[in-house]
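One file, data_7.csv, is given below (CSV, C-alpha atoms and all ligand atoms).
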```csv
chain,number,residue,atom,x,y,z
X,1,MET,CA,38.3,-48.9,17.8
X,2,THR,CA,36.2,-52.0,17.6
X,3,ASP,CA,37.0,-55.5,16.2
X,4,HIS,CA,33.9,-55.5,14.0
X,5,PRO,CA,33.1,-53.2,11.0
X,6,ARG,CA,31.0,-50.4,12.1
X,7,THR,CA,27.7,-49.7,10.3
X,8,ILE,CA,27.5,-46.0,9.6
X,9,GLY,CA,24.3,-44.5,8.1
X,10,ILE,CA,24.1,-41.6,5.7
X,11,LEU,CA,20.9,-39.6,5.5
X,12,SER,CA,20.1,-40.1,1.8
X,13,PHE,CA,17.2,-37.8,0.8
X,14,GLN,CA,19.4,-35.5,-1.2
X,15,GLY,CA,23.0,-34.5,-1.6
X,16,ASP,CA,26.3,-36.3,-1.9
X,17,PHE,CA,25.4,-39.4,0.2
X,18,ALA,CA,27.0,-41.7,-2.3
X,19,ALA,CA,30.4,-40.1,-2.0
X,20,HIS,CA,30.2,-40.5,1.8
X,21,ALA,CA,29.3,-44.2,1.3
X,22,GLN,CA,32.4,-44.7,-0.8
X,23,ALA,CA,34.6,-42.8,1.7
X,24,LEU,CA,33.2,-45.0,4.5
X,25,GLU,CA,34.0,-48.1,2.6
X,26,ARG,CA,37.5,-46.9,2.0
X,27,ALA,CA,37.8,-46.3,5.7
X,28,GLY,CA,36.7,-49.8,6.6
X,29,ALA,CA,33.2,-49.2,7.7
X,30,THR,CA,29.9,-50.6,6.4
X,31,PRO,CA,27.9,-47.7,4.9
X,32,ARG,CA,24.1,-47.7,4.9
X,33,CYS,CA,22.1,-45.1,3.0
X,34,ILE,CA,19.0,-44.4,5.1
X,35,ARG,CA,15.7,-42.8,4.4
X,36,ARG,CA,13.5,-44.0,7.2
X,37,ILE,CA,13.5,-43.2,10.9
X,38,ALA,CA,13.3,-46.9,11.9
X,39,GLU,CA,16.7,-47.5,10.1
X,40,LEU,CA,18.5,-45.4,12.8
X,41,ALA,CA,18.2,-48.2,15.3
X,42,SER,CA,20.8,-50.4,13.6
X,43,LEU,CA,23.5,-47.8,13.2
X,44,ASP,CA,26.7,-47.2,15.0
X,45,GLY,CA,26.9,-43.6,13.7
X,46,LEU,CA,25.3,-41.3,11.2
X,47,ILE,CA,26.3,-38.7,8.6
X,48,LEU,CA,24.2,-35.8,7.5
X,49,PRO,CA,25.8,-35.1,4.1
X,50,GLY,CA,26.4,-32.0,2.0
X,51,GLY,CA,23.8,-30.9,-0.5
X,52,GLU,CA,21.1,-28.3,-0.1
X,53,SER,CA,20.0,-27.8,3.5
X,54,THR,CA,16.7,-26.3,2.6
X,55,THR,CA,15.7,-29.3,0.6
X,56,MET,CA,16.8,-31.7,3.3
X,57,LEU,CA,14.8,-29.7,5.8
X,58,ARG,CA,11.6,-30.4,3.8
X,59,PHE,CA,12.2,-34.1,4.1
X,60,LEU,CA,13.1,-33.9,7.8
X,61,ARG,CA,9.9,-32.0,8.6
X,62,ALA,CA,7.7,-34.5,6.7
X,63,GLU,CA,8.2,-37.0,9.6
X,64,PRO,CA,9.4,-36.7,13.2
X,65,TRP,CA,13.0,-36.7,12.2
X,66,PHE,CA,13.9,-33.8,14.5
X,67,ASP,CA,13.0,-35.8,17.5
X,68,ALA,CA,14.6,-39.0,16.1
X,69,LEU,CA,17.9,-37.3,15.4
X,70,ARG,CA,18.0,-35.6,18.8
X,71,GLU,CA,17.4,-39.0,20.3
X,72,PHE,CA,20.2,-40.5,18.1
X,73,ALA,CA,22.6,-37.8,19.4
X,74,ALA,CA,21.5,-38.4,23.0
X,75,SER,CA,22.3,-42.1,22.6
X,76,GLY,CA,26.0,-41.2,22.4
X,77,ARG,CA,26.5,-42.5,18.9
X,78,PRO,CA,28.6,-40.2,16.7
X,79,LEU,CA,26.7,-37.8,14.4
X,80,PHE,CA,28.6,-36.0,11.7
X,81,GLY,CA,27.2,-33.1,9.5
X,82,THR,CA,29.2,-32.0,6.5
X,83,CYS,CA,28.5,-28.7,4.8
X,84,ALA,CA,24.6,-28.7,4.4
X,85,GLY,CA,24.6,-31.3,7.2
X,86,ALA,CA,26.6,-29.0,9.4
X,87,ILE,CA,24.0,-26.3,8.8
X,88,LEU,CA,21.3,-28.7,9.9
X,89,LEU,CA,23.1,-29.4,13.2
X,90,ALA,CA,23.8,-25.8,14.1
X,91,ARG,CA,22.0,-24.0,16.9
X,92,VAL,CA,21.6,-20.8,14.8
X,93,VAL,CA,21.6,-20.4,11.0
X,94,THR,CA,21.9,-17.0,9.3
X,95,ARG,CA,21.7,-15.6,5.7
X,96,PRO,CA,18.9,-16.5,5.6
X,97,PRO,CA,17.8,-17.8,9.0
X,98,GLN,CA,16.3,-21.3,8.9
X,99,ALA,CA,15.2,-24.1,11.2
X,100,SER,CA,17.9,-26.4,12.5
X,101,LEU,CA,18.4,-29.2,15.0
X,102,GLY,CA,20.4,-27.2,17.5
X,103,LEU,CA,22.6,-30.2,18.4
X,104,LEU,CA,25.9,-28.3,18.0
X,105,ASP,CA,26.3,-24.9,19.8
X,106,MET,CA,27.4,-22.9,16.9
X,107,THR,CA,26.2,-20.1,14.6
X,108,VAL,CA,26.6,-20.7,10.9
X,109,GLN,CA,26.2,-18.4,7.9
X,110,ARG,CA,25.0,-20.2,4.8
X,111,ASN,CA,27.2,-19.8,1.7
X,112,GLY,CA,29.5,-17.7,3.8
X,113,TYR,CA,32.5,-18.4,1.6
X,114,GLY,CA,30.7,-17.2,-1.5
X,115,ARG,CA,28.9,-18.8,-4.4
X,116,GLN,CA,29.5,-22.0,-6.5
X,117,VAL,CA,32.3,-20.3,-8.4
X,118,ASP,CA,34.1,-19.4,-5.2
X,119,SER,CA,34.5,-23.1,-4.3
X,120,PHE,CA,38.0,-24.0,-3.4
X,121,ILE,CA,40.5,-26.5,-2.0
X,122,ALA,CA,42.7,-25.7,0.9
X,123,ARG,CA,45.5,-27.7,2.6
X,124,ILE,CA,44.8,-27.3,6.4
X,125,PRO,CA,47.0,-28.5,9.2
X,126,VAL,CA,44.9,-30.6,11.7
X,127,ALA,CA,46.8,-31.6,14.9
X,128,ALA,CA,44.3,-34.3,15.7
X,129,LEU,CA,45.0,-36.1,12.4
X,130,GLY,CA,48.8,-36.1,12.6
X,131,PRO,CA,51.5,-34.1,10.7
X,132,LYS,CA,50.1,-34.4,7.1
X,133,PRO,CA,47.8,-31.4,6.2
X,134,LEU,CA,44.3,-32.2,5.2
X,135,GLU,CA,43.2,-31.4,1.7
X,136,SER,CA,39.8,-29.8,2.3
X,137,VAL,CA,37.1,-29.1,-0.4
X,138,PHE,CA,34.8,-26.1,0.2
X,139,ILE,CA,31.7,-25.9,-2.0
X,140,ARG,CA,29.3,-23.0,-1.2
X,141,ALA,CA,30.3,-23.8,2.4
X,142,PRO,CA,28.9,-22.3,5.5
X,143,ILE,CA,31.1,-20.1,7.7
X,144,ILE,CA,31.1,-21.2,11.3
X,145,GLU,CA,30.8,-17.8,12.8
X,146,THR,CA,30.8,-18.5,16.6
X,147,VAL,CA,31.0,-21.6,18.7
X,148,GLY,CA,29.9,-22.0,22.3
X,149,PRO,CA,32.2,-22.9,25.2
X,150,GLY,CA,31.4,-26.6,25.0
X,151,VAL,CA,32.6,-26.8,21.4
X,152,GLU,CA,36.1,-27.9,20.5
X,153,THR,CA,37.6,-26.6,17.2
X,154,LEU,CA,39.5,-29.4,15.5
X,155,ALA,CA,40.5,-27.4,12.4
X,156,GLU,CA,40.3,-23.8,11.3
X,157,TYR,CA,40.9,-21.9,8.2
X,158,GLY,CA,41.0,-18.2,7.5
X,159,GLY,CA,40.2,-17.4,11.1
X,160,HIS,CA,37.1,-19.5,11.3
X,161,PRO,CA,36.6,-23.0,12.7
X,162,VAL,CA,36.0,-25.5,9.8
X,163,TRP,CA,35.8,-28.8,11.8
X,164,VAL,CA,34.3,-28.8,15.3
X,165,ARG,CA,32.9,-31.2,17.8
X,166,GLN,CA,30.6,-31.0,20.8
X,167,GLY,CA,30.9,-34.4,22.5
X,168,ARG,CA,30.2,-36.9,19.8
X,169,VAL,CA,28.4,-34.4,17.5
X,170,PHE,CA,30.8,-33.3,14.8
X,171,ALA,CA,30.5,-30.7,12.0
X,172,ALA,CA,32.7,-29.8,9.0
X,173,ALA,CA,32.2,-26.9,6.7
X,174,PHE,CA,34.1,-28.8,4.0
X,175,HIS,CA,33.7,-32.1,2.2
X,176,PRO,CA,36.0,-34.8,3.6
X,177,GLU,CA,34.2,-37.4,1.4
X,178,MET,CA,35.6,-35.8,-1.8
X,179,THR,CA,39.2,-36.8,-1.4
X,180,ASP,CA,40.9,-40.1,-1.0
X,181,ASP,CA,42.0,-39.1,2.5
X,182,THR,CA,39.8,-41.0,5.0
X,183,ARG,CA,41.3,-39.6,8.2
X,184,VAL,CA,38.3,-37.5,9.1
X,185,HIS,CA,35.8,-40.3,8.8
X,186,GLU,CA,38.2,-42.6,10.7
X,187,PHE,CA,38.5,-40.1,13.5
X,188,VAL,CA,34.8,-39.3,13.8
X,189,PHE,CA,33.7,-42.9,13.8
X,190,ASP,CA,36.7,-44.4,15.5
X,191,LEU,CA,37.3,-46.7,12.6
X,192,LYS,CA,41.0,-47.7,12.8
X,193,PRO,CA,44.1,-46.6,14.5
X,194,SER,CA,46.0,-45.2,11.5
X,195,GLY,CA,48.3,-43.2,13.7
X,196,ILE,CA,45.5,-40.8,14.7
X,197,LYS,CA,44.0,-40.2,18.1
X,198,SER,CA,40.7,-41.8,18.8
X,199,ASN,CA,37.6,-39.5,19.2
X,200,GLY,CA,37.3,-40.4,22.8
X,201,ALA,CA,34.7,-43.2,22.4
X,202,PRO,CA,34.5,-45.7,25.2
X,203,ALA,CA,36.5,-48.9,24.4
X,301,LIG,N1,25.0,-23.9,0.4
X,301,LIG,C1,24.4,-25.2,0.8
X,301,LIG,C2,23.3,-24.9,1.8
X,301,LIG,O1,23.1,-23.9,2.3
X,301,LIG,C3,25.4,-26.1,1.3
X,301,LIG,C4,26.4,-26.5,0.3
X,301,LIG,C5,27.0,-27.9,0.4
X,301,LIG,O2,26.5,-28.7,1.2
X,301,LIG,N2,28.0,-28.1,-0.4
X,301,LIG,O3,22.6,-25.8,2.2
```

Please re-express this file's structure in structure tokens.
Ligand code: GLN
Amino acid sequence: MTDHPRTIGILSFQGDFAAHAQALERAGATPRCIRRIAELASLDGLILPGGESTTMLRFLRAEPWFDALREFAASGRPLFGTCAGAILLARVVTRPPQASLGLLDMTVQRNGYGRQVDSFIARIPVAALGPKPLESVFIRAPIIETVGPGVETLAEYGGHPVWVRQGRVFAAAFHPEMTDDTRVHEFVFDLKPSGIKSNGAPA
């Protein structure tokens, strides 16, 4: 928790970056849609949004984004991938295999919950967020199949992790930006103490 609004970037080549910007505003942060590596320097945290991971990869490979994002994570600032963004963060991607940043020690299966018509909303209990269950929107979501020993599972559904963290790198299979509930953004970016635990950031 800090006494100034945090500036949180959203990688905005493609996908639902605008919904994340609105969610961040609701959560009390200052969102910034970014498309250039140089913009990373001014951020307190970064979101890789949902969308189409293959399309995002094309943008990421056009410039040295892989190195820049690895440096961003190494700087200790929170990095949060949702859905396609979670796929980009994974160590291993299957069905089909594709390149990824390897910043979170997990194996993900793309579209593991089915196709667009199989999208669904689930109410999931999440201890870290308090007693109220979290309404979670899954849209052609990846299944997190395995996680390494350094990964903490914050929420699971149907026997699979759906929200995980490794240090300050976070991934969600669902879309927390698509509901009015801002607790996930608050937790990841340490935005305000709305009765939830902090993410362990230094004071
Ligand atoms: N199925 C998409 C992909 O593989 C992710 C879907 C989403 O982000 N809602 O990239």

Produce a table with one row for each residue of chain X that has an atom at most 6 Å from any atom of ligand LIG 301 (chain X), each row naming the nearest atom pair and its distance in Å at one decimal; use all atoms listed in the file; arrange rows by chain and rising residue number; format as JSON lines.
```
{"residue": "X:Gly50", "atom": "CA", "partner": "X:LIG301", "partner_atom": "O2", "distance": 3.4}
{"residue": "X:Gly51", "atom": "CA", "partner": "X:LIG301", "partner_atom": "O2", "distance": 3.9}
{"residue": "X:Glu52", "atom": "CA", "partner": "X:LIG301", "partner_atom": "O3", "distance": 3.7}
{"residue": "X:Ser53", "atom": "CA", "partner": "X:LIG301", "partner_atom": "O3", "distance": 3.5}
{"residue": "X:Thr54", "atom": "CA", "partner": "X:LIG301", "partner_atom": "O3", "distance": 5.9}
{"residue": "X:Cys83", "atom": "CA", "partner": "X:LIG301", "partner_atom": "O2", "distance": 4.1}
{"residue": "X:Ala84", "atom": "CA", "partner": "X:LIG301", "partner_atom": "O2", "distance": 3.7}
{"residue": "X:Arg110", "atom": "CA", "partner": "X:LIG301", "partner_atom": "O1", "distance": 4.9}
{"residue": "X:Asn111", "atom": "CA", "partner": "X:LIG301", "partner_atom": "N1", "distance": 4.8}
{"residue": "X:Ile139", "atom": "CA", "partner": "X:LIG301", "partner_atom": "N2", "distance": 4.6}
{"residue": "X:Arg140", "atom": "CA", "partner": "X:LIG301", "partner_atom": "N1", "distance": 4.7}
{"residue": "X:Ala141", "atom": "CA", "partner": "X:LIG301", "partner_atom": "C4", "distance": 5.2}
```

Nearest residue to Gln14 in chain X from the set X:Gly102, X:Pro142, X:Gly85, X:Val93 (distances using all atoms listed in the file): X:Gly85

Selected residue, from X:Ser100, X:Ser12, X:Thr153, X:Gln109, that lies nearest to Cys33 in chain X when counting all atoms listed in the file: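 Nearest candidate to Cys33 in chain X out of X:Ser100, X:Ser12, X:Thr153, X:Gln109: X:Ser12.
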
Residue contacts of range 4-10 of chain X (12 Å, all atoms listed in the file) excluding same-chain residues fewer than 6 positions away, as a VMD selection string: chain X and resid 16 to 50 72 77 to 82 85 177 185 to 186 188 to 192

Would you mind exporting C-alpha atoms of the selected residues as a PDB file, keeping the file's coordinate frame?
```pdb
ATOM      1  CA  ASP X  16      26.300 -36.300  -1.900  1.00  0.00           C
ATOM      2  CA  PHE X  17      25.400 -39.400   0.200  1.00  0.00           C
ATOM      3  CA  ALA X  18      27.000 -41.700  -2.300  1.00  0.00           C
ATOM      4  CA  ALA X  19      30.400 -40.100  -2.000  1.00  0.00           C
ATOM      5  CA  HIS X  20      30.200 -40.500   1.800  1.00  0.00           C
ATOM      6  CA  ALA X  21      29.300 -44.200   1.300  1.00  0.00           C
ATOM      7  CA  GLN X  22      32.400 -44.700  -0.800  1.00  0.00           C
ATOM      8  CA  ALA X  23      34.600 -42.800   1.700  1.00  0.00           C
ATOM      9  CA  LEU X  24      33.200 -45.000   4.500  1.00  0.00           C
ATOM     10  CA  GLU X  25      34.000 -48.100   2.600  1.00  0.00           C
ATOM     11  CA  ARG X  26      37.500 -46.900   2.000  1.00  0.00           C
ATOM     12  CA  ALA X  27      37.800 -46.300   5.700  1.00  0.00           C
ATOM     13  CA  GLY X  28      36.700 -49.800   6.600  1.00  0.00           C
ATOM     14  CA  ALA X  29      33.200 -49.200   7.700  1.00  0.00           C
ATOM     15  CA  THR X  30      29.900 -50.600   6.400  1.00  0.00           C
ATOM     16  CA  PRO X  31      27.900 -47.700   4.900  1.00  0.00           C
ATOM     17  CA  ARG X  32      24.100 -47.700   4.900  1.00  0.00           C
ATOM     18  CA  CYS X  33      22.100 -45.100   3.000  1.00  0.00           C
ATOM     19  CA  ILE X  34      19.000 -44.400   5.100  1.00  0.00           C
ATOM     20  CA  ARG X  35      15.700 -42.800   4.400  1.00  0.00           C
ATOM     21  CA  ARG X  36      13.500 -44.000   7.200  1.00  0.00           C
ATOM     22  CA  ILE X  37      13.500 -43.200  10.900  1.00  0.00           C
ATOM     23  CA  ALA X  38      13.300 -46.900  11.900  1.00  0.00           C
ATOM     24  CA  GLU X  39      16.700 -47.500  10.100  1.00  0.00           C
ATOM     25  CA  LEU X  40      18.500 -45.400  12.800  1.00  0.00           C
ATOM     26  CA  ALA X  41      18.200 -48.200  15.300  1.00  0.00           C
ATOM     27  CA  SER X  42      20.800 -50.400  13.600  1.00  0.00           C
ATOM     28  CA  LEU X  43      23.500 -47.800  13.200  1.00  0.00           C
ATOM     29  CA  ASP X  44      26.700 -47.200  15.000  1.00  0.00           C
ATOM     30  CA  GLY X  45      26.900 -43.600  13.700  1.00  0.00           C
ATOM     31  CA  LEU X  46      25.300 -41.300  11.200  1.00  0.00           C
ATOM     32  CA  ILE X  47      26.300 -38.700   8.600  1.00  0.00           C
ATOM     33  CA  LEU X  48      24.200 -35.800   7.500  1.00  0.00           C
ATOM     34  CA  PRO X  49      25.800 -35.100   4.100  1.00  0.00           C
ATOM     35  CA  GLY X  50      26.400 -32.000   2.000  1.00  0.00           C
ATOM     36  CA  PHE X  72      20.200 -40.500  18.100  1.00  0.00           C
ATOM     37  CA  ARG X  77      26.500 -42.500  18.900  1.00  0.00           C
ATOM     38  CA  PRO X  78      28.600 -40.200  16.700  1.00  0.00           C
ATOM     39  CA  LEU X  79      26.700 -37.800  14.400  1.00  0.00           C
ATOM     40  CA  PHE X  80      28.600 -36.000  11.700  1.00  0.00           C
ATOM     41  CA  GLY X  81      27.200 -33.100   9.500  1.00  0.00           C
ATOM     42  CA  THR X  82      29.200 -32.000   6.500  1.00  0.00           C
ATOM     43  CA  GLY X  85      24.600 -31.300   7.200  1.00  0.00           C
ATOM     44  CA  GLU X 177      34.200 -37.400   1.400  1.00  0.00           C
ATOM     45  CA  HIS X 185      35.800 -40.300   8.800  1.00  0.00           C
ATOM     46  CA  GLU X 186      38.200 -42.600  10.700  1.00  0.00           C
ATOM     47  CA  VAL X 188      34.800 -39.300  13.800  1.00  0.00           C
ATOM     48  CA  PHE X 189      33.700 -42.900  13.800  1.00  0.00           C
ATOM     49  CA  ASP X 190      36.700 -44.400  15.500  1.00  0.00           C
ATOM     50  CA  LEU X 191      37.300 -46.700  12.600  1.00  0.00           C
ATOM     51  CA  LYS X 192      41.000 -47.700  12.800  1.00  0.00           C
TER      52      LYS X 192
END
```

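Taking CA of Leu89 in chain X and CA of Gln166 in chain X as the two end points, the separation is 10.8 Å.
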
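In this comparison, which uses all atoms listed in the file, the residue of X:Val137, X:Leu104, X:Ala90, X:Ala62 approaching Phe120 in chain X most closely is X:Val137.
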
Distance query 10 Å from (19.6, -16.1, 8.5) using all atoms listed in the file, result as an NGL selection string: :X and (92-99 or 107-110)

Å distance separating CA of Glu145 in chain X from CA of Arg58 in chain X, one decimal place: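 CA of Glu145 in chain X sits 24.7 Å away from CA of Arg58 in chain X.
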
Separation of CA of Gly148 in chain X from CA of Phe59 in chain X, in Å and rounded to one decimal: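 We find that CA of Gly148 in chain X and CA of Phe59 in chain X lie 28.1 Å from each other.
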
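Here the question is which of X:Ser75, X:Thr55, X:Ile121, X:Pro64 gets nearest to Met178 in chain X using all atoms listed in the file, and that residue is X:Ile121.
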
Residue with smallest distance to Leu69 in chain X - pool X:Val151, X:Leu88, X:Gly112, X:Ile144, counting all atoms listed in the file: X:Leu88

Of the listed residues X:Gly15, X:Leu57, X:Phe174, X:Arg168, that which approaches Ser119 in chain X most closely, counting only C-alpha atoms: X:Phe174
